Amino acid sequence: MTREDMAALVAEAALAPSVHNVQPARWRIDDDGATLFEDLSRRLPAADPTGHDAAMSLGAAAEGFCLAASRATRGVRVERLQGGGETGLRRTAHFALSGPVEPDPLAEWVDRRSSFRGGFEKASPADRDAATALVGDDAAILADPATLRAVDRHLDEASWRFMREDPFRRELLSWMRLSRGHPDWARDGLNADAMAMGPIAARGAGLVLGPMFGWLARAGLAKPLVSEGGRIAKDAAVVLFHRPVGEDPFDSGRKFYRLWLRIEAAGFGAAVLAALADDPEANAWAKHVARIPQDRRLVSAFRLGRRPAGPITARARLPIDEVLIG
Ligand SMILES: Cc1cc2nc3c(=O)[nH]c(=O)nc-3n(C[C@H](O)[C@H](O)[C@H](O)COP(=O)(O)O)c2cc1C
């Protein structure tokens with residue numbers, strides 16, 4: 001493969017999801033493939049103090065690389081690397097291209113996948129059935145309307161427990177791009193389009209999460225403003241992503257991306273509901289309701305439904321020459 005071919009694989013890997021869209025993956029093209037590094041400056045000390053979500057994001061990027069290589073009919077041998085690297089970079093894995101393989105059928109969904117955080121079309125019974133059919137080794141499905149209403153409540157409580165923490169909110173706000181004039185609008189983080197917010201809602205979010213939060217919280221008004229507003233009850237389903245207890249989050253991230261692509265392949269749009277898994281109370285409740293065994297960890301969750309007709313929001317991504325390191 002030429003350097004340009006390899007750069008094209010990296011560009012496809014960069015379409016993978018990452019927490020807050022921080023895009024921690026950096027790649028160096030070498031003689032037999034590529035090396036993946038974590039850019040440590042992209043860590044989220046408040047939201048992700050252990051680096052778990054960073055590792056999942058790197059795993060998703062790794063899976064993206066393997067999917068892209070398969071589309072070019074090349075297999076990949078992945079070797080995990082334990083740290084080291086230049087200042088600010090942590091060596092994470094090496095990818096050696098190997099012999100010919102059949103393209104992975106999920107690869108064709110990479111380009112079409114994106115987070116959909118708006119309102120889905122009201123789910124029909126057929127949609128709920130199609131969503132229920134996504135059940136798998138690492139996916140439990142909640143599609144009954146009464147259970148989805150309960151998800152709404154637990155998720156709101158869980159989100160509130162994170163949102164009321166000043167460092168969490170401040171960090172989240174620093175990755176939000178609330179106006180098109182923001183220099184990083186199209187590069188990284190969460191822009192208003194990606195969050196399905198119009199300009200007025202975006203300005204409101206900046207105030208609610210920023211200077212007005214303390215006052216609104218004391219007046220009991222902040223909590224309803226950061227709520228999902230009961231909309232999950234109208235979605236087709238919530239998918240609970242679970243993996244073996246003790247699994248390396250890098251490996252969970254690879255499977256997480258594959259599940260998301262499977263959701264897209266079934267014709268659904270999805271958004272991540274990390275708070276449902278990250279909050280211990282909500283996690284315990286969801287595991288119980290979905291009868292997820294004790295030797296499995298509830299790692300993440302998605303809401304999903306049929307996207308309404310309309311243009312798909314462009315994904316914010318760093319230019320390839322910043323993702324590639326020399
Ligand atoms: C570990 C992890 C946690 C995430 N948590 C959330 C979340 O809580 N809420 C959300 O809306 N998106 C979440 N996402 C999705 C990212 O925000 C999203 O992938 C990123 O903004 C890139 O946008 P895209 O999915 O449209 O490509 C998460 C992604 C990862 C990998």
# chains A, B, ... in the order shown; residues from 1 in each chain; ligands from 1

call {"tool": "residues_near_ligand", "arguments": {"ligand": "ligand 1", "cutoff": "9 Å", "atoms": "only C-alpha atoms and all ligand atoms", "output": "MDAnalysis selection string"}}
result
chainID A and resid 14:23 52:60 113:117 159 188:191 194:195 253 256:257 270:276 278 299:302 313:317

call {"tool": "select_by_dssp", "arguments": {"residues": "region 53-248 of chain A", "states": "alpha helix (DSSP H)", "output": "VMD selection string"}}
result
chain A and resid 53 to 71 125 to 132 145 to 163 166 to 174 199 to 209 213 to 218 222 to 225

call {"tool": "residues_around", "arguments": {"residues": "region 217-227 of chain A", "least_positions_apart": "3", "cutoff": "9 Å", "atoms": "only C-alpha atoms", "output": "MDAnalysis selection string"}}
result
chainID A and resid 152 155:157 159:160 163:164 205 208:209 212:214 230

call {"tool": "write_last_selection", "arguments": {"atoms": "N, CA and C atoms", "output": "tab-separated table (two decimals), in the first residue's frame"}}
result
chain	number	residue	atom	x	y	z
A	152	ASP	N	-36.25	6.76	30.99
A	152	ASP	CA	-36.26	8.21	30.99
A	152	ASP	C	-36.00	8.77	32.39
A	155	LEU	N	-32.45	7.85	33.71
A	155	LEU	CA	-31.43	8.59	32.97
A	155	LEU	C	-31.38	10.05	33.42
A	156	ASP	N	-32.56	10.65	33.61
A	156	ASP	CA	-32.60	12.04	34.07
A	156	ASP	C	-31.93	12.18	35.44
A	157	GLU	N	-32.22	11.24	36.32
A	157	GLU	CA	-31.60	11.30	37.66
A	157	GLU	C	-30.07	11.14	37.53
A	159	SER	N	-28.14	11.71	34.84
A	159	SER	CA	-27.52	12.87	34.17
A	159	SER	C	-27.40	14.03	35.15
A	160	TRP	N	-28.43	14.19	35.97
A	160	TRP	CA	-28.40	15.29	36.94
A	160	TRP	C	-27.26	15.12	37.92
A	163	MET	N	-24.31	16.33	36.01
A	163	MET	CA	-24.39	17.74	35.61
A	163	MET	C	-24.25	18.71	36.79
A	164	ARG	N	-24.66	18.29	37.97
A	164	ARG	CA	-24.61	19.24	39.09
A	164	ARG	C	-23.18	19.43	39.59
A	205	ALA	N	-28.41	26.89	26.32
A	205	ALA	CA	-27.60	25.83	26.94
A	205	ALA	C	-26.33	26.43	27.54
A	208	VAL	N	-27.43	28.10	30.76
A	208	VAL	CA	-27.88	27.16	31.79
A	208	VAL	C	-26.69	26.38	32.36
A	209	LEU	N	-25.81	25.91	31.48
A	209	LEU	CA	-24.68	25.11	31.96
A	209	LEU	C	-23.56	25.99	32.50
A	212	MET	N	-25.51	30.76	34.67
A	212	MET	CA	-26.78	30.77	35.40
A	212	MET	C	-27.03	29.50	36.20
A	213	PHE	N	-26.11	28.52	36.08
A	213	PHE	CA	-26.43	27.20	36.65
A	213	PHE	C	-26.71	27.27	38.15
A	214	GLY	N	-25.83	27.93	38.89
A	214	GLY	CA	-25.99	27.96	40.36
A	214	GLY	C	-27.33	28.55	40.74
A	230	GLY	N	-38.52	13.22	28.66
A	230	GLY	CA	-39.42	12.08	28.44
A	230	GLY	C	-39.43	11.54	27.03

call {"tool": "atom_distance", "arguments": {"atom1": "CA of Thr50 (chain A)", "atom2": "CA of Val239 (chain A)"}}
result
24.5 Å

call {"tool": "residues_around", "arguments": {"residues": "Pro293 (chain A)", "least_positions_apart": "4", "cutoff": "10 Å", "atoms": "only C-alpha atoms", "output": "JSON, numbers by chain"}}
result
{"A": [242, 244, 287, 288, 297, 298]}

call {"tool": "residues_around", "arguments": {"residues": "Ala202 (chain A)", "least_positions_apart": "3", "cutoff": "10 Å", "atoms": "only C-alpha atoms", "output": "list of chain:residue names"}}
result
A:Met176, A:Arg177, A:Leu178, A:Ser179, A:Asn191, A:Ala192, A:Asp193, A:Met195, A:Ala196, A:Met197, A:Gly198, A:Pro199, A:Ala205, A:Gly206, A:Leu207, A:Val208

call {"tool": "closest_atom_pairs", "arguments": {"of": "region 160-269 of chain A", "to": "region 122-144 of chain A", "cutoff": "8 Å", "atoms": "only C-alpha atoms", "output": "Markdown table"}}
result
| residue | atom | partner | partner_atom | distance |
| --- | --- | --- | --- | --- |
| A:Lys234 | CA | A:Lys122 | CA | 5.5 |
| A:Asp235 | CA | A:Ala123 | CA | 5.6 |
| A:Ala236 | CA | A:Ala123 | CA | 4.9 |
| A:Ala237 | CA | A:Ala143 | CA | 4.3 |
| A:Val238 | CA | A:Leu142 | CA | 5.2 |
| A:Val239 | CA | A:Ile141 | CA | 4.7 |
| A:Leu240 | CA | A:Ala140 | CA | 5.0 |
| A:Phe241 | CA | A:Ala139 | CA | 4.8 |
| A:His242 | CA | A:Asp138 | CA | 5.0 |
| A:Arg243 | CA | A:Asp138 | CA | 5.9 |
| A:Leu259 | CA | A:Ala139 | CA | 7.8 |
| A:Arg262 | CA | A:Leu134 | CA | 7.9 |
| A:Ile263 | CA | A:Leu134 | CA | 7.3 |
| A:Ala266 | CA | A:Ala130 | CA | 7.6 |

call {"tool": "residues_around", "arguments": {"residues": "Phe162 (chain A)", "least_positions_apart": "6", "cutoff": "9 Å", "atoms": "only C-alpha atoms", "output": "short mmCIF file (atom, residue, chain, number, x, y, z; two decimals) with N, CA and C atoms, in the first residue's frame"}}
result
data_model
loop_
_atom_site.label_atom_id
_atom_site.label_comp_id
_atom_site.auth_asym_id
_atom_site.auth_seq_id
_atom_site.Cartn_x
_atom_site.Cartn_y
_atom_site.Cartn_z
N ALA A 47 -14.79 14.17 33.42
CA ALA A 47 -15.76 13.17 32.96
C ALA A 47 -15.16 11.77 32.92
N PHE A 168 -17.40 18.77 36.04
CA PHE A 168 -17.97 18.01 34.91
C PHE A 168 -18.61 18.97 33.91
N ARG A 169 -19.44 19.88 34.45
CA ARG A 169 -20.17 20.80 33.58
C ARG A 169 -19.23 21.75 32.85
N ALA A 275 -24.60 8.08 30.53
CA ALA A 275 -24.92 8.26 31.96
C ALA A 275 -25.63 7.04 32.53
N ASP A 279 -23.36 5.91 35.77
CA ASP A 279 -23.89 6.19 37.11
C ASP A 279 -24.20 4.85 37.80
#

call {"tool": "atom_distance", "arguments": {"atom1": "CA of Arg180 (chain A)", "atom2": "CA of Leu318 (chain A)"}}
result
16.0 Å

call {"tool": "residues_around", "arguments": {"residues": "Leu324 (chain A)", "least_positions_apart": "3", "cutoff": "6 Å", "atoms": "only C-alpha atoms", "output": "number ranges by chain"}}
result
A: 26-28, 321

call {"tool": "write_last_selection", "arguments": {"atoms": "N, CA and C atoms", "output": "short mmCIF file (atom, residue, chain, number, x, y, z; two decimals), in the first residue's frame"}}
result
data_model
loop_
_atom_site.label_atom_id
_atom_site.label_comp_id
_atom_site.auth_asym_id
_atom_site.auth_seq_id
_atom_site.Cartn_x
_atom_site.Cartn_y
_atom_site.Cartn_z
N ARG A 26 -4.07 9.23 17.40
CA ARG A 26 -3.06 9.75 16.47
C ARG A 26 -2.35 8.56 15.84
N TRP A 27 -1.98 8.69 14.59
CA TRP A 27 -1.46 7.55 13.85
C TRP A 27 -0.13 7.89 13.20
N ARG A 28 0.77 6.92 13.25
CA ARG A 28 2.02 7.05 12.49
C ARG A 28 2.07 5.90 11.50
N ASP A 321 -4.13 15.78 8.46
CA ASP A 321 -2.71 16.03 8.75
C ASP A 321 -2.47 16.31 10.24
#

call {"tool": "closest_residue", "arguments": {"among": "A:Met6, A:Ala107, A:Ala186, A:Ile312", "to": "Asp32 (chain A)", "atoms": "only C-alpha atoms"}}
result
A:Met6

call {"tool": "decode", "arguments": {"residues": "region 42-70 of chain A", "atoms": "N, CA and C atoms", "output": "PDB file, in the first residue's frame"}}
result
ATOM      1  N   ARG A  42      -5.872  15.185  25.097  1.00  0.00           N
ATOM      2  CA  ARG A  42      -7.316  15.106  24.844  1.00  0.00           C
ATOM      3  C   ARG A  42      -8.063  14.405  25.973  1.00  0.00           C
ATOM      4  N   ARG A  43      -7.401  14.138  27.087  1.00  0.00           N
ATOM      5  CA  ARG A  43      -8.064  13.496  28.229  1.00  0.00           C
ATOM      6  C   ARG A  43      -9.122  14.409  28.843  1.00  0.00           C
ATOM      7  N   LEU A  44     -10.089  13.799  29.509  1.00  0.00           N
ATOM      8  CA  LEU A  44     -11.169  14.532  30.179  1.00  0.00           C
ATOM      9  C   LEU A  44     -11.073  14.249  31.687  1.00  0.00           C
ATOM     10  N   PRO A  45     -10.305  15.055  32.419  1.00  0.00           N
ATOM     11  CA  PRO A  45     -10.082  14.724  33.834  1.00  0.00           C
ATOM     12  C   PRO A  45     -11.374  14.656  34.649  1.00  0.00           C
ATOM     13  N   ALA A  46     -12.369  15.457  34.316  1.00  0.00           N
ATOM     14  CA  ALA A  46     -13.601  15.449  35.132  1.00  0.00           C
ATOM     15  C   ALA A  46     -14.531  14.319  34.716  1.00  0.00           C
ATOM     16  N   ALA A  47     -14.786  14.168  33.419  1.00  0.00           N
ATOM     17  CA  ALA A  47     -15.761  13.172  32.962  1.00  0.00           C
ATOM     18  C   ALA A  47     -15.163  11.770  32.920  1.00  0.00           C
ATOM     19  N   ASP A  48     -13.845  11.687  32.797  1.00  0.00           N
ATOM     20  CA  ASP A  48     -13.237  10.383  32.533  1.00  0.00           C
ATOM     21  C   ASP A  48     -11.915  10.270  33.291  1.00  0.00           C
ATOM     22  N   PRO A  49     -11.975  10.360  34.637  1.00  0.00           N
ATOM     23  CA  PRO A  49     -10.725  10.440  35.413  1.00  0.00           C
ATOM     24  C   PRO A  49      -9.820   9.216  35.252  1.00  0.00           C
ATOM     25  N   THR A  50     -10.371   8.054  34.932  1.00  0.00           N
ATOM     26  CA  THR A  50      -9.537   6.846  34.823  1.00  0.00           C
ATOM     27  C   THR A  50      -9.035   6.605  33.402  1.00  0.00           C
ATOM     28  N   GLY A  51      -9.527   7.361  32.435  1.00  0.00           N
ATOM     29  CA  GLY A  51      -9.122   7.125  31.043  1.00  0.00           C
ATOM     30  C   GLY A  51      -9.904   6.001  30.380  1.00  0.00           C
ATOM     31  N   HIS A  52     -10.955   5.532  31.021  1.00  0.00           N
ATOM     32  CA  HIS A  52     -11.774   4.447  30.470  1.00  0.00           C
ATOM     33  C   HIS A  52     -12.387   4.834  29.127  1.00  0.00           C
ATOM     34  N   ASP A  53     -12.985   6.024  29.070  1.00  0.00           N
ATOM     35  CA  ASP A  53     -13.662   6.428  27.829  1.00  0.00           C
ATOM     36  C   ASP A  53     -12.650   6.750  26.730  1.00  0.00           C
ATOM     37  N   ALA A  54     -11.480   7.241  27.147  1.00  0.00           N
ATOM     38  CA  ALA A  54     -10.413   7.471  26.156  1.00  0.00           C
ATOM     39  C   ALA A  54     -10.016   6.138  25.538  1.00  0.00           C
ATOM     40  N   ALA A  55      -9.876   5.103  26.381  1.00  0.00           N
ATOM     41  CA  ALA A  55      -9.488   3.777  25.871  1.00  0.00           C
ATOM     42  C   ALA A  55     -10.575   3.216  24.954  1.00  0.00           C
ATOM     43  N   MET A  56     -11.835   3.432  25.328  1.00  0.00           N
ATOM     44  CA  MET A  56     -12.910   2.961  24.442  1.00  0.00           C
ATOM     45  C   MET A  56     -12.866   3.682  23.102  1.00  0.00           C
ATOM     46  N   SER A  57     -12.581   4.970  23.157  1.00  0.00           N
ATOM     47  CA  SER A  57     -12.517   5.756  21.921  1.00  0.00           C
ATOM     48  C   SER A  57     -11.365   5.276  21.038  1.00  0.00           C
ATOM     49  N   LEU A  58     -10.239   4.934  21.666  1.00  0.00           N
ATOM     50  CA  LEU A  58      -9.097   4.414  20.895  1.00  0.00           C
ATOM     51  C   LEU A  58      -9.443   3.052  20.308  1.00  0.00           C
ATOM     52  N   GLY A  59     -10.173   2.230  21.081  1.00  0.00           N
ATOM     53  CA  GLY A  59     -10.606   0.926  20.565  1.00  0.00           C
ATOM     54  C   GLY A  59     -11.514   1.093  19.359  1.00  0.00           C
ATOM     55  N   ALA A  60     -12.405   2.082  19.434  1.00  0.00           N
ATOM     56  CA  ALA A  60     -13.307   2.321  18.297  1.00  0.00           C
ATOM     57  C   ALA A  60     -12.500   2.747  17.066  1.00  0.00           C
ATOM     58  N   ALA A  61     -11.506   3.609  17.275  1.00  0.00           N
ATOM     59  CA  ALA A  61     -10.658   4.039  16.149  1.00  0.00           C
ATOM     60  C   ALA A  61      -9.903   2.835  15.578  1.00  0.00           C
ATOM     61  N   ALA A  62      -9.437   1.951  16.467  1.00  0.00           N
ATOM     62  CA  ALA A  62      -8.722   0.749  16.018  1.00  0.00           C
ATOM     63  C   ALA A  62      -9.632  -0.122  15.161  1.00  0.00           C
ATOM     64  N   GLU A  63     -10.862  -0.294  15.625  1.00  0.00           N
ATOM     65  CA  GLU A  63     -11.806  -1.098  14.846  1.00  0.00           C
ATOM     66  C   GLU A  63     -12.072  -0.429  13.496  1.00  0.00           C
ATOM     67  N   GLY A  64     -12.156   0.899  13.529  1.00  0.00           N
ATOM     68  CA  GLY A  64     -12.362   1.643  12.284  1.00  0.00           C
ATOM     69  C   GLY A  64     -11.241   1.387  11.289  1.00  0.00           C
ATOM     70  N   PHE A  65     -10.017   1.306  11.815  1.00  0.00           N
ATOM     71  CA  PHE A  65      -8.878   1.032  10.927  1.00  0.00           C
ATOM     72  C   PHE A  65      -9.012  -0.359  10.309  1.00  0.00           C
ATOM     73  N   CYS A  66      -9.379  -1.344  11.140  1.00  0.00           N
ATOM     74  CA  CYS A  66      -9.497  -2.734  10.639  1.00  0.00           C
ATOM     75  C   CYS A  66     -10.632  -2.835   9.609  1.00  0.00           C
ATOM     76  N   LEU A  67     -11.737  -2.128   9.861  1.00  0.00           N
ATOM     77  CA  LEU A  67     -12.858  -2.145   8.906  1.00  0.00           C
ATOM     78  C   LEU A  67     -12.426  -1.532   7.577  1.00  0.00           C
ATOM     79  N   ALA A  68     -11.693  -0.419   7.658  1.00  0.00           N
ATOM     80  CA  ALA A  68     -11.239   0.254   6.430  1.00  0.00           C
ATOM     81  C   ALA A  68     -10.286  -0.661   5.664  1.00  0.00           C
ATOM     82  N   ALA A  69      -9.391  -1.323   6.402  1.00  0.00           N
ATOM     83  CA  ALA A  69      -8.444  -2.232   5.735  1.00  0.00           C
ATOM     84  C   ALA A  69      -9.202  -3.370   5.057  1.00  0.00           C
ATOM     85  N   SER A  70     -10.254  -3.865   5.716  1.00  0.00           N
ATOM     86  CA  SER A  70     -11.007  -4.980   5.125  1.00  0.00           C
ATOM     87  C   SER A  70     -11.694  -4.546   3.835  1.00  0.00           C
TER      88      SER A  70
END
